[in-house]
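Student: Here's a structure for you.
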Amino acid sequence: MIEIKNLKAGYGLDPNGYIVSDVHKDKIDDIYVPCIQESVESLKKLFHQQLHSVYVYGSVARGDAIAIQSDLDLIAMFDTKLSSVKLAELKKLAGELTLKYRSLVRDVGIAVAYYDYTIDPSNYYENAFLKELCVCVYGEDAGEQFGPYKLTSEIAIRFNGDINKSLNRTLTRLETASNEDFKTYTQGFARKLIRTYYSMVMERSQIWTTRLHEQSEVFIHYFPEKESIIRTLLNWIDEPPKDHEAVYTLFKREGEWASSNFIREAKIST
């Protein structure tokens, strides 16, 4: 069984119990800077009248990305809604950047956000995600106005309480996915499940981490019977399986378990 060693209560938190973000501009490895810069310049060129700011999140922002294996995850925030034509141009740009930097990153992903929606206090998830998980690399950092945040059930629920919706969407996609899309969907939902599992025990553990292996350790500490599932999910993230039926069956079973137990478990405090 995986044992928590360095992950003790208070890990990732300041002395007052507030989240200490594990992303920072200084953590971004220099090898990713040219790709980030070209992404920003391309976005400015395509959307110069609409682009508000650009953010990096994920492993590159944490400083633990692995060349070729990791993605470059970007958020492009816009002042106004993009038309279908502009969305198509954005998708094309992401594809072109992915091809150009294939020797550096597995994929350049550019998610879309809108300023007014993101900064609305009622959109708690967007507020906290921007504040704690994103590094601004262009424009005004909209996340500076939010936080600080403590590890509460509200954070857990807002971050991963959509597991049932995500499960249904993934199962539908898997049924008709091409082999390449099947790999992408498998990796994506495997990550989602691990993050959801971790969110279920986040408040009681008082451990903050965005690293999947650490999140796995925290969850297994409370649910040791799930260790084999966690190991399978981690393996699928590294190397997606070809057995479509096995993936569908495990995702359906574990996704339904997480959906049924999430709220109750997430509200258990220390």
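In the structure tokens, chains take the letters A, B, ... in the order shown, each chain's residues start at 1, and ligands count up from 1 in the order shown.
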Counting only C-alpha atoms, what is within 12 Å of Lys131 of chain A, bar same-chain residues fewer than 6 positions away, as a list of chain:residue names?

Tutor: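 Surrounding residues, per the criterion: A:Ile19, A:Val20, A:Ser21, A:Asp22, A:Val23, A:His24, A:Tyr55, A:Val56, A:Tyr57, A:Thr118, A:Ile119, A:Tyr124, A:Tyr125, A:Asp141, A:Ala142, A:Gly143, A:Glu144, A:Gln145, A:Phe146, A:Gly147, A:Pro148, A:Tyr149.
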
Student: So, with only C-alpha atoms as the atoms that count, which of A:Val60, A:Ile263, A:Leu93, A:Ala9 lies closest to Phe47 of chain A?

Tutor: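 That would be A:Leu93, the residue with the smallest distance to Phe47 of chain A.
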
Student: Quick one: of A:Thr98, A:Thr184, A:Thr249, A:Asn6, who's nearest to Thr209 of chain A, counting only C-alpha atoms?

Tutor: A:Asn6

Student: Residues within 12 Å of Ala246 of chain A, please, as a ChimeraX atom specification. Count only C-alpha atoms; anything in the same chain fewer than 6 positions from it doesn't count.

Tutor: /A:174,186,232-233,236,240,252-253

Student: Could you pull out the strand (DSSP E or B) residues of segment 5-226 of chain A, going by DSSP on the backbone, and write them as a ChimeraX atom specification?

Tutor: /A:13,18-19,51-57,72-78,108-114,134-139,150

Student: Considering only helix (DSSP H, G or I) as DSSP defines it on the backbone, what residues of segment 147-238 of chain A qualify? List them as a ChimeraX atom specification.

Tutor: /A:153-160,163-176,179-205,212-222,224-238

Student: Could you check the closest approach to Glu214 of chain A for each of A:Ala76, A:Leu7, A:Val135, A:Leu87 and tell me which residue wins, using only C-alpha atoms?

Tutor: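 Closest residue, counting only C-alpha atoms: A:Leu7.
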
Student: Mind checking which residues fall within 12 Å of segment 112-117 of chain A, counting only C-alpha atoms, ignoring those fewer than 2 positions away in the same chain, and posting them as a ChimeraX atom specification?

Tutor: /A:43,50-55,73-83,86-88,90-91,94,109-110,119-127,129-130,139-143

Student: Near Met202 of chain A, counting only C-alpha atoms, which residues have an atom at most 10 Å away, once you skip same-chain residues fewer than 4 positions from it, shown as an mmCIF file with all heavy atoms, in the first residue's frame?

Tutor:
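Result file follows (part_6.cif):
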```
data_model
loop_
_atom_site.group_PDB
_atom_site.id
_atom_site.type_symbol
_atom_site.label_atom_id
_atom_site.label_comp_id
_atom_site.auth_asym_id
_atom_site.auth_seq_id
_atom_site.Cartn_x
_atom_site.Cartn_y
_atom_site.Cartn_z
ATOM 1 N N LEU A 151 -9.061 25.000 2.848
ATOM 2 C CA LEU A 151 -9.541 23.714 2.337
ATOM 3 C C LEU A 151 -10.875 23.388 3.010
ATOM 4 O O LEU A 151 -10.916 22.911 4.139
ATOM 5 C CB LEU A 151 -8.524 22.600 2.623
ATOM 6 C CG LEU A 151 -7.233 22.640 1.823
ATOM 7 C CD1 LEU A 151 -6.436 21.359 2.049
ATOM 8 C CD2 LEU A 151 -7.510 22.803 0.343
ATOM 9 N N THR A 152 -11.928 23.647 2.298
ATOM 10 C CA THR A 152 -13.270 23.404 2.815
ATOM 11 C C THR A 152 -14.011 22.481 1.866
ATOM 12 O O THR A 152 -13.597 22.260 0.730
ATOM 13 C CB THR A 152 -14.049 24.728 2.922
ATOM 14 O OG1 THR A 152 -14.189 25.287 1.599
ATOM 15 C CG2 THR A 152 -13.318 25.726 3.816
ATOM 16 N N SER A 153 -15.136 21.976 2.324
ATOM 17 C CA SER A 153 -15.952 21.123 1.468
ATOM 18 C C SER A 153 -16.461 21.912 0.269
ATOM 19 O O SER A 153 -16.673 21.351 -0.810
ATOM 20 C CB SER A 153 -17.124 20.535 2.251
ATOM 21 O OG SER A 153 -17.943 21.568 2.793
ATOM 22 N N ILE A 155 -14.806 24.165 -1.464
ATOM 23 C CA ILE A 155 -13.753 24.097 -2.486
ATOM 24 C C ILE A 155 -13.815 22.754 -3.194
ATOM 25 O O ILE A 155 -13.768 22.668 -4.425
ATOM 26 C CB ILE A 155 -12.363 24.286 -1.847
ATOM 27 C CG1 ILE A 155 -12.108 25.769 -1.567
ATOM 28 C CG2 ILE A 155 -11.266 23.738 -2.739
ATOM 29 C CD1 ILE A 155 -11.659 26.565 -2.756
ATOM 30 N N ALA A 156 -13.909 21.674 -2.416
ATOM 31 C CA ALA A 156 -13.943 20.330 -2.998
ATOM 32 C C ALA A 156 -15.134 20.155 -3.938
ATOM 33 O O ALA A 156 -14.991 19.660 -5.062
ATOM 34 C CB ALA A 156 -14.003 19.289 -1.878
ATOM 35 N N ARG A 195 -8.626 13.234 -9.291
ATOM 36 C CA ARG A 195 -8.860 14.531 -8.661
ATOM 37 C C ARG A 195 -10.147 14.513 -7.828
ATOM 38 O O ARG A 195 -10.225 15.124 -6.760
ATOM 39 C CB ARG A 195 -8.933 15.627 -9.725
ATOM 40 C CG ARG A 195 -7.606 15.883 -10.433
ATOM 41 C CD ARG A 195 -7.681 17.123 -11.316
ATOM 42 N NE ARG A 195 -6.439 17.318 -12.048
ATOM 43 C CZ ARG A 195 -6.269 17.109 -13.344
ATOM 44 N NH1 ARG A 195 -7.301 16.705 -14.074
ATOM 45 N NH2 ARG A 195 -5.108 17.309 -13.921
ATOM 46 N N THR A 196 -11.158 13.798 -8.335
ATOM 47 C CA THR A 196 -12.417 13.700 -7.604
ATOM 48 C C THR A 196 -12.238 12.896 -6.325
ATOM 49 O O THR A 196 -12.737 13.282 -5.252
ATOM 50 C CB THR A 196 -13.493 13.052 -8.489
ATOM 51 O OG1 THR A 196 -13.684 13.855 -9.663
ATOM 52 C CG2 THR A 196 -14.819 12.943 -7.748
ATOM 53 N N TYR A 197 -11.540 11.774 -6.418
ATOM 54 C CA TYR A 197 -11.247 10.975 -5.225
ATOM 55 C C TYR A 197 -10.555 11.824 -4.169
ATOM 56 O O TYR A 197 -10.913 11.810 -2.986
ATOM 57 C CB TYR A 197 -10.329 9.804 -5.589
ATOM 58 C CG TYR A 197 -10.960 8.677 -6.364
ATOM 59 C CD1 TYR A 197 -10.180 7.897 -7.225
ATOM 60 C CD2 TYR A 197 -12.297 8.346 -6.220
ATOM 61 C CE1 TYR A 197 -10.731 6.846 -7.926
ATOM 62 C CE2 TYR A 197 -12.855 7.285 -6.922
ATOM 63 C CZ TYR A 197 -12.062 6.540 -7.776
ATOM 64 O OH TYR A 197 -12.600 5.500 -8.474
ATOM 65 N N TYR A 198 -9.541 12.552 -4.597
ATOM 66 C CA TYR A 198 -8.789 13.404 -3.669
ATOM 67 C C TYR A 198 -9.699 14.457 -3.035
ATOM 68 O O TYR A 198 -9.635 14.710 -1.823
ATOM 69 C CB TYR A 198 -7.625 14.070 -4.401
ATOM 70 C CG TYR A 198 -7.066 15.290 -3.705
ATOM 71 C CD1 TYR A 198 -6.348 15.182 -2.516
ATOM 72 C CD2 TYR A 198 -7.273 16.569 -4.241
ATOM 73 C CE1 TYR A 198 -5.843 16.308 -1.880
ATOM 74 C CE2 TYR A 198 -6.773 17.690 -3.612
ATOM 75 C CZ TYR A 198 -6.057 17.561 -2.436
ATOM 76 O OH TYR A 198 -5.561 18.672 -1.805
ATOM 77 N N GLN A 206 -6.671 17.988 5.225
ATOM 78 C CA GLN A 206 -6.018 19.301 5.300
ATOM 79 C C GLN A 206 -4.652 19.256 4.619
ATOM 80 O O GLN A 206 -3.656 19.791 5.104
ATOM 81 C CB GLN A 206 -5.903 19.788 6.739
ATOM 82 C CG GLN A 206 -7.237 20.276 7.317
ATOM 83 C CD GLN A 206 -7.844 21.434 6.505
ATOM 84 O OE1 GLN A 206 -7.271 22.525 6.454
ATOM 85 N NE2 GLN A 206 -9.001 21.197 5.876
ATOM 86 N N ILE A 207 -4.643 18.614 3.443
ATOM 87 C CA ILE A 207 -3.466 18.536 2.587
ATOM 88 C C ILE A 207 -3.847 19.113 1.230
ATOM 89 O O ILE A 207 -4.828 18.674 0.621
ATOM 90 C CB ILE A 207 -2.989 17.081 2.416
ATOM 91 C CG1 ILE A 207 -2.450 16.540 3.748
ATOM 92 C CG2 ILE A 207 -1.923 16.966 1.324
ATOM 93 C CD1 ILE A 207 -2.162 15.055 3.729
ATOM 94 N N TRP A 208 -3.082 20.082 0.759
ATOM 95 C CA TRP A 208 -3.344 20.688 -0.544
ATOM 96 C C TRP A 208 -2.248 20.304 -1.526
ATOM 97 O O TRP A 208 -1.064 20.548 -1.293
ATOM 98 C CB TRP A 208 -3.422 22.197 -0.442
ATOM 99 C CG TRP A 208 -3.439 22.879 -1.794
ATOM 100 C CD1 TRP A 208 -2.403 23.552 -2.385
ATOM 101 C CD2 TRP A 208 -4.534 22.907 -2.724
ATOM 102 N NE1 TRP A 208 -2.792 24.016 -3.625
ATOM 103 C CE2 TRP A 208 -4.095 23.637 -3.858
ATOM 104 C CE3 TRP A 208 -5.835 22.400 -2.715
ATOM 105 C CZ2 TRP A 208 -4.912 23.867 -4.964
ATOM 106 C CZ3 TRP A 208 -6.642 22.631 -3.816
ATOM 107 C CH2 TRP A 208 -6.184 23.358 -4.921
ATOM 108 N N THR A 209 -2.632 19.686 -2.606
ATOM 109 C CA THR A 209 -1.705 19.358 -3.679
ATOM 110 C C THR A 209 -2.481 19.245 -4.981
ATOM 111 O O THR A 209 -3.652 18.858 -4.978
ATOM 112 C CB THR A 209 -0.938 18.050 -3.414
ATOM 113 O OG1 THR A 209 -0.095 17.755 -4.534
ATOM 114 C CG2 THR A 209 -1.891 16.872 -3.182
ATOM 115 N N GLN A 215 -2.069 13.374 -4.818
ATOM 116 C CA GLN A 215 -3.509 13.265 -4.584
ATOM 117 C C GLN A 215 -3.907 11.799 -4.393
ATOM 118 O O GLN A 215 -4.752 11.477 -3.553
ATOM 119 C CB GLN A 215 -4.283 13.872 -5.749
ATOM 120 C CG GLN A 215 -4.160 15.386 -5.845
ATOM 121 C CD GLN A 215 -4.958 15.976 -6.987
ATOM 122 O OE1 GLN A 215 -5.302 15.281 -7.938
ATOM 123 N NE2 GLN A 215 -5.255 17.263 -6.909
ATOM 124 N N VAL A 218 -2.981 10.621 -0.860
ATOM 125 C CA VAL A 218 -3.905 11.144 0.151
ATOM 126 C C VAL A 218 -5.198 10.328 0.160
ATOM 127 O O VAL A 218 -5.690 9.923 1.216
ATOM 128 C CB VAL A 218 -4.216 12.634 -0.107
ATOM 129 C CG1 VAL A 218 -5.255 13.140 0.902
ATOM 130 C CG2 VAL A 218 -2.941 13.477 -0.016
ATOM 131 N N PHE A 219 -5.739 10.053 -1.020
ATOM 132 C CA PHE A 219 -6.986 9.295 -1.101
ATOM 133 C C PHE A 219 -6.805 7.871 -0.588
ATOM 134 O O PHE A 219 -7.646 7.366 0.180
ATOM 135 C CB PHE A 219 -7.480 9.272 -2.545
ATOM 136 C CG PHE A 219 -8.710 8.429 -2.751
ATOM 137 C CD1 PHE A 219 -9.937 8.841 -2.268
ATOM 138 C CD2 PHE A 219 -8.632 7.210 -3.410
ATOM 139 C CE1 PHE A 219 -11.077 8.060 -2.441
ATOM 140 C CE2 PHE A 219 -9.761 6.423 -3.589
ATOM 141 C CZ PHE A 219 -10.987 6.848 -3.101
ATOM 142 N N GLU A 265 -18.833 12.208 1.516
ATOM 143 C CA GLU A 265 -17.435 12.084 1.902
ATOM 144 C C GLU A 265 -16.737 13.445 1.934
ATOM 145 O O GLU A 265 -15.926 13.724 2.822
ATOM 146 C CB GLU A 265 -16.702 11.152 0.942
ATOM 147 C CG GLU A 265 -17.169 9.702 0.963
ATOM 148 C CD GLU A 265 -16.840 8.997 2.268
ATOM 149 O OE1 GLU A 265 -15.912 9.443 2.977
ATOM 150 O OE2 GLU A 265 -17.522 8.014 2.595
ATOM 151 N N ALA A 266 -17.042 14.302 0.973
ATOM 152 C CA ALA A 266 -16.370 15.600 0.895
ATOM 153 C C ALA A 266 -16.693 16.479 2.103
ATOM 154 O O ALA A 266 -15.898 17.361 2.443
ATOM 155 C CB ALA A 266 -16.772 16.322 -0.381
ATOM 156 N N LYS A 267 -17.823 16.231 2.744
ATOM 157 C CA LYS A 267 -18.239 17.069 3.874
ATOM 158 C C LYS A 267 -17.705 16.565 5.215
ATOM 159 O O LYS A 267 -17.936 17.193 6.254
ATOM 160 C CB LYS A 267 -19.767 17.154 3.918
ATOM 161 C CG LYS A 267 -20.342 18.009 2.796
ATOM 162 C CD LYS A 267 -21.837 18.167 2.933
ATOM 163 C CE LYS A 267 -22.393 19.120 1.869
ATOM 164 N NZ LYS A 267 -23.859 19.294 2.005
ATOM 165 N N ILE A 268 -17.009 15.429 5.203
ATOM 166 C CA ILE A 268 -16.415 14.935 6.444
ATOM 167 C C ILE A 268 -15.197 15.776 6.780
ATOM 168 O O ILE A 268 -14.257 15.867 5.994
ATOM 169 C CB ILE A 268 -16.010 13.452 6.314
ATOM 170 C CG1 ILE A 268 -17.246 12.576 6.055
ATOM 171 C CG2 ILE A 268 -15.284 12.992 7.581
ATOM 172 C CD1 ILE A 268 -16.922 11.116 5.822
ATOM 173 N N SER A 269 -15.214 16.416 7.932
ATOM 174 C CA SER A 269 -14.110 17.292 8.329
ATOM 175 C C SER A 269 -13.153 16.543 9.236
ATOM 176 O O SER A 269 -13.348 15.372 9.556
ATOM 177 C CB SER A 269 -14.650 18.526 9.045
ATOM 178 O OG SER A 269 -15.377 18.168 10.201
ATOM 179 N N THR A 270 -12.097 17.237 9.660
ATOM 180 C CA THR A 270 -11.089 16.596 10.511
ATOM 181 C C THR A 270 -11.676 16.239 11.858
ATOM 182 O O THR A 270 -12.602 16.867 12.340
ATOM 183 C CB THR A 270 -9.910 17.555 10.702
ATOM 184 O OG1 THR A 270 -10.399 18.810 11.206
ATOM 185 C CG2 THR A 270 -9.193 17.773 9.393
#
```

Student: Write out as a list in words which residues come within 8 Å of His244 of chain A when counting only C-alpha atoms, dropping same-chain ones fewer than 3 positions away.

Tutor: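 The filter keeps Leu174, Phe182, Pro241, Val247 and Tyr248 of chain A.
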
Student: Using only C-alpha atoms for the distances, tell me which of A:Glu132, A:Glu175, A:Glu89, A:Glu180 is nearest to Lys242 of chain A.

Tutor: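 Of A:Glu132, A:Glu175, A:Glu89, A:Glu180, the one nearest Lys242 of chain A is A:Glu180, counting only C-alpha atoms.
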
Student: As a VMD selection string, please: the residues near Glu254 of chain A (cut-off 10 Å, only C-alpha atoms, same-chain neighbours under 5 positions excluded).

Tutor: chain A and resid 167 193 197 226 229 249 259 to 260

Student: Once you have the residues from the selection above, write them out as a CSV table (one decimal), in the first residue's frame, restricted to N, CA, C and O atoms.

Tutor:
```csv
chain,number,residue,atom,x,y,z
A,167,LEU,N,-18.9,12.0,-16.0
A,167,LEU,CA,-18.9,10.6,-16.3
A,167,LEU,C,-19.9,10.3,-17.4
A,167,LEU,O,-19.5,9.6,-18.4
A,193,LEU,N,-11.1,11.4,-12.4
A,193,LEU,CA,-11.4,10.5,-11.3
A,193,LEU,C,-10.5,10.6,-10.1
A,193,LEU,O,-10.9,10.7,-8.9
A,197,TYR,N,-11.5,11.8,-6.4
A,197,TYR,CA,-11.2,11.0,-5.2
A,197,TYR,C,-10.6,11.8,-4.2
A,197,TYR,O,-10.9,11.8,-3.0
A,226,LYS,N,-9.0,1.0,-2.5
A,226,LYS,CA,-9.1,1.5,-3.8
A,226,LYS,C,-7.7,1.6,-4.5
A,226,LYS,O,-7.6,2.2,-5.6
A,229,ILE,N,-7.3,0.3,-8.0
A,229,ILE,CA,-8.0,1.2,-9.0
A,229,ILE,C,-7.1,2.4,-9.3
A,229,ILE,O,-6.9,2.8,-10.5
A,249,THR,N,-16.0,-0.2,-18.6
A,249,THR,CA,-16.5,-0.9,-17.4
A,249,THR,C,-16.0,-0.3,-16.1
A,249,THR,O,-16.8,0.0,-15.1
A,259,SER,N,-19.8,9.4,-7.8
A,259,SER,CA,-21.0,10.2,-7.9
A,259,SER,C,-21.9,10.0,-6.7
A,259,SER,O,-22.4,11.0,-6.1
A,260,SER,N,-22.1,8.7,-6.3
A,260,SER,CA,-23.0,8.4,-5.2
A,260,SER,C,-22.4,8.8,-3.8
A,260,SER,O,-23.2,9.2,-2.9
```

Student: I'd like to know which of A:Ala65, A:Ile163, A:Ile230, A:Ile237 is closest to Gly188 of chain A, using only C-alpha atoms.

Tutor: A:Ile237

Student: Would you work out the distance separating atom CA of Gly63 of chain A from atom CA of Tyr138 of chain A, expressed in Å to one decimal?

Tutor: 18.4 Å
